[in-house]
Amino acid sequence: MEKFCVFCGLPPKDKNKEHVLPRWPLQMTGDPKRIGNFGVRQFSFDSLTFPACSQCNEEFSHLEASAEQVVRKLLAIEGLSTSDFIVLLDWLDKVRVGLWLGYFYLDKNFARIDPKFHIADRVGQSDRMLGLIRVDHSAPRLIFNGTESKFFQLSPTCLGLGM
């Protein structure tokens, strides 16, 4: 399979690796090198990286920094502004689409789908929804689900992410 940038969809320029699940939530919830389940595969969370252009990756770094602050507010049960929710939705779209495209690599595009959109195409769109549920847990953890199903690979419309 020909490599493409998960942000723009073009062949990666000045190749870089994108951590679709960024280091900050991995560090907030434990050891970034801990083993995670990715469908039928197991490997360390911090090795879940996919091709990206250096410039594209750099352009999205400010979204990562902003999203971290919003998530910290959420975890501290602080109020969020409208712009905080927009940042959170943009970041979740980045993660959702990034994982979807990442599974193309991991599963060698088993369904032979030609992606018509990439992260940069989806972030900032208005056709999205967010549901927040507070669950008390004694230990921090990171859970994402839905991505391991073949259905997600065919229609990446929903992602469950818990911290």
# chains A, B, ... in the order shown; residues from 1 in each chain; ligands from 1

$ select_by_dssp --residues "stretch 15-124 of chain A" --states "alpha helix (DSSP H)" --output "ChimeraX atom specification"
/A:23-28,54-59,61-75,82-106,119-122

$ residues_around --residues "A:Gly30" --least-positions-apart "2" --cutoff "12 Å" --atoms "only C-alpha atoms" --output "list in words"
Arg23, Trp24, Pro25, Leu26, Gln27, Met28, Pro32, Lys33, Arg34, Ile35, Gly36, Ser44, Phe45, Asp46, Ala139, Pro140, Arg141, Leu142, Ile143 and Met163 of chain A

$ write_last_selection --atoms "C-alpha atoms" --output "tab-separated table (two decimals), in the first residue's frame"
chain	number	residue	atom	x	y	z
A	23	ARG	CA	1.58	11.38	24.30
A	24	TRP	CA	-0.22	13.71	26.72
A	25	PRO	CA	-3.29	11.48	27.32
A	26	LEU	CA	-1.02	8.44	27.38
A	27	GLN	CA	1.10	10.07	30.10
A	28	MET	CA	-1.98	11.28	32.02
A	32	PRO	CA	3.01	5.57	27.36
A	33	LYS	CA	4.97	2.38	26.66
A	34	ARG	CA	2.32	0.12	28.17
A	35	ILE	CA	0.85	-2.53	25.92
A	36	GLY	CA	-2.53	-1.82	24.35
A	44	SER	CA	2.86	-0.22	23.08
A	45	PHE	CA	0.55	2.78	22.88
A	46	ASP	CA	3.39	5.16	22.03
A	139	ALA	CA	-7.06	4.93	38.64
A	140	PRO	CA	-6.53	6.98	35.48
A	141	ARG	CA	-6.91	4.99	32.27
A	142	LEU	CA	-7.28	5.46	28.56
A	143	ILE	CA	-9.92	3.53	26.68
A	163	MET	CA	-10.04	8.82	30.26

$ closest_atom_pairs --of "stretch 9-39 of chain A" --to "stretch 77-91 of chain A" --cutoff "12 Å" --atoms "only C-alpha atoms" --output "Markdown table"
| residue | atom | partner | partner_atom | distance |
| --- | --- | --- | --- | --- |
| A:Val20 | CA | A:Trp91 | CA | 10.1 |
| A:Leu21 | CA | A:Trp91 | CA | 10.3 |
| A:Pro22 | CA | A:Trp91 | CA | 10.5 |

$ atom_distance --atom1 "atom CA of A:Arg128" --atom2 "atom CA of A:Gly160"
13.5 Å

$ residues_around --residues "A:Asp14" --least-positions-apart "2" --cutoff "12 Å" --atoms "only C-alpha atoms" --output "count of residues only"
14

$ closest_residue --among "A:Leu74, A:Ile119, A:Met129, A:Val135" --to "A:Leu99" --atoms "only C-alpha atoms"
A:Ile119

$ residues_around --residues "stretch 108-111 of chain A" --least-positions-apart "3" --cutoff "9 Å" --atoms "only C-alpha atoms" --output "ChimeraX atom specification"
/A:1,103-105,114,150,153-154

$ write_last_selection --atoms "C-alpha atoms" --output "compact mmCIF listing (two decimals), in the first residue's frame"
# COMPACT_ATOMS: atom_id res chain seq x y z
CA MET A 1 0.00 0.00 0.00
CA TYR A 103 -6.11 1.02 10.64
CA PHE A 104 -5.76 1.15 6.85
CA TYR A 105 -2.05 0.68 7.47
CA ASP A 114 -9.98 4.68 -1.30
CA LYS A 150 -14.52 -3.96 10.71
CA GLN A 153 -13.19 0.67 8.99
CA LEU A 154 -16.10 0.75 6.56

$ closest_residue --among "A:Phe151, A:Ser66, A:Cys158, A:Gln42" --to "A:Asp127" --atoms "only C-alpha atoms"
A:Cys158

$ closest_residue --among "A:Pro156, A:Val40, A:Phe60, A:Gly162" --to "A:Val123" --atoms "only C-alpha atoms"
A:Phe60

$ closest_residue --among "A:Lys3, A:Arg96, A:Lys73, A:Lys13" --to "A:Phe152" --atoms "only C-alpha atoms"
A:Arg96

$ select_by_dssp --residues "chain A" --states "strand (DSSP E or B)" --output "VMD selection string"
chain A and resid 16 to 19 35 to 38 41 to 44 49 to 52 143 to 145 160 to 162

$ write_last_selection --atoms "N, CA and C atoms" --output "tab-separated table (two decimals), in the first residue's frame"
chain	number	residue	atom	x	y	z
A	16	ASN	N	7.42	12.32	8.70
A	16	ASN	CA	7.28	12.46	10.13
A	16	ASN	C	6.32	11.37	10.57
A	17	LYS	N	6.25	11.10	11.84
A	17	LYS	CA	5.29	10.13	12.35
A	17	LYS	C	4.30	10.84	13.26
A	18	GLU	N	3.03	10.60	13.03
A	18	GLU	CA	1.98	11.19	13.84
A	18	GLU	C	1.51	10.19	14.89
A	19	HIS	N	1.53	10.63	16.14
A	19	HIS	CA	0.92	9.87	17.23
A	19	HIS	C	-0.56	10.24	17.25
A	35	ILE	N	1.40	-1.77	27.05
A	35	ILE	CA	0.85	-2.53	25.92
A	35	ILE	C	-0.66	-2.29	25.83
A	36	GLY	N	-1.11	-2.01	24.62
A	36	GLY	CA	-2.53	-1.82	24.35
A	36	GLY	C	-3.02	-2.85	23.35
A	37	ASN	N	-4.32	-3.04	23.33
A	37	ASN	CA	-4.94	-3.95	22.37
A	37	ASN	C	-5.47	-3.12	21.20
A	38	PHE	N	-5.05	-3.46	20.01
A	38	PHE	CA	-5.46	-2.76	18.80
A	38	PHE	C	-6.04	-3.79	17.85
A	41	ARG	N	-4.14	-7.11	17.50
A	41	ARG	CA	-2.73	-6.83	17.74
A	41	ARG	C	-2.51	-6.24	19.13
A	42	GLN	N	-1.33	-6.47	19.65
A	42	GLN	CA	-0.93	-5.84	20.91
A	42	GLN	C	0.46	-5.24	20.71
A	43	PHE	N	0.60	-3.97	21.10
A	43	PHE	CA	1.90	-3.32	21.11
A	43	PHE	C	1.78	-2.07	21.96
A	44	SER	N	2.88	-1.38	22.18
A	44	SER	CA	2.86	-0.22	23.08
A	44	SER	C	2.07	0.93	22.46
A	49	THR	N	1.92	4.95	15.58
A	49	THR	CA	2.23	6.13	14.77
A	49	THR	C	1.97	5.82	13.31
A	50	PHE	N	1.67	6.89	12.56
A	50	PHE	CA	1.37	6.73	11.14
A	50	PHE	C	2.04	7.85	10.36
A	51	PRO	N	2.25	7.65	9.06
A	51	PRO	CA	2.96	8.63	8.24
A	51	PRO	C	2.27	9.99	8.21
A	52	ALA	N	3.09	11.02	8.22
A	52	ALA	CA	2.59	12.39	8.12
A	52	ALA	C	3.68	13.27	7.52
A	143	ILE	N	-9.17	4.55	27.40
A	143	ILE	CA	-9.92	3.53	26.68
A	143	ILE	C	-10.43	4.15	25.39
A	144	PHE	N	-10.26	3.46	24.31
A	144	PHE	CA	-10.94	3.86	23.08
A	144	PHE	C	-11.53	2.60	22.49
A	145	ASN	N	-12.74	2.73	21.98
A	145	ASN	CA	-13.37	1.55	21.41
A	145	ASN	C	-14.14	1.90	20.16
A	160	GLY	N	-15.54	5.83	20.64
A	160	GLY	CA	-15.65	5.94	22.10
A	160	GLY	C	-14.27	6.18	22.67
A	161	LEU	N	-14.11	7.22	23.46
A	161	LEU	CA	-12.82	7.55	24.07
A	161	LEU	C	-13.07	7.87	25.53
A	162	GLY	N	-12.40	7.17	26.39
A	162	GLY	CA	-12.56	7.40	27.82
A	162	GLY	C	-11.23	7.63	28.50
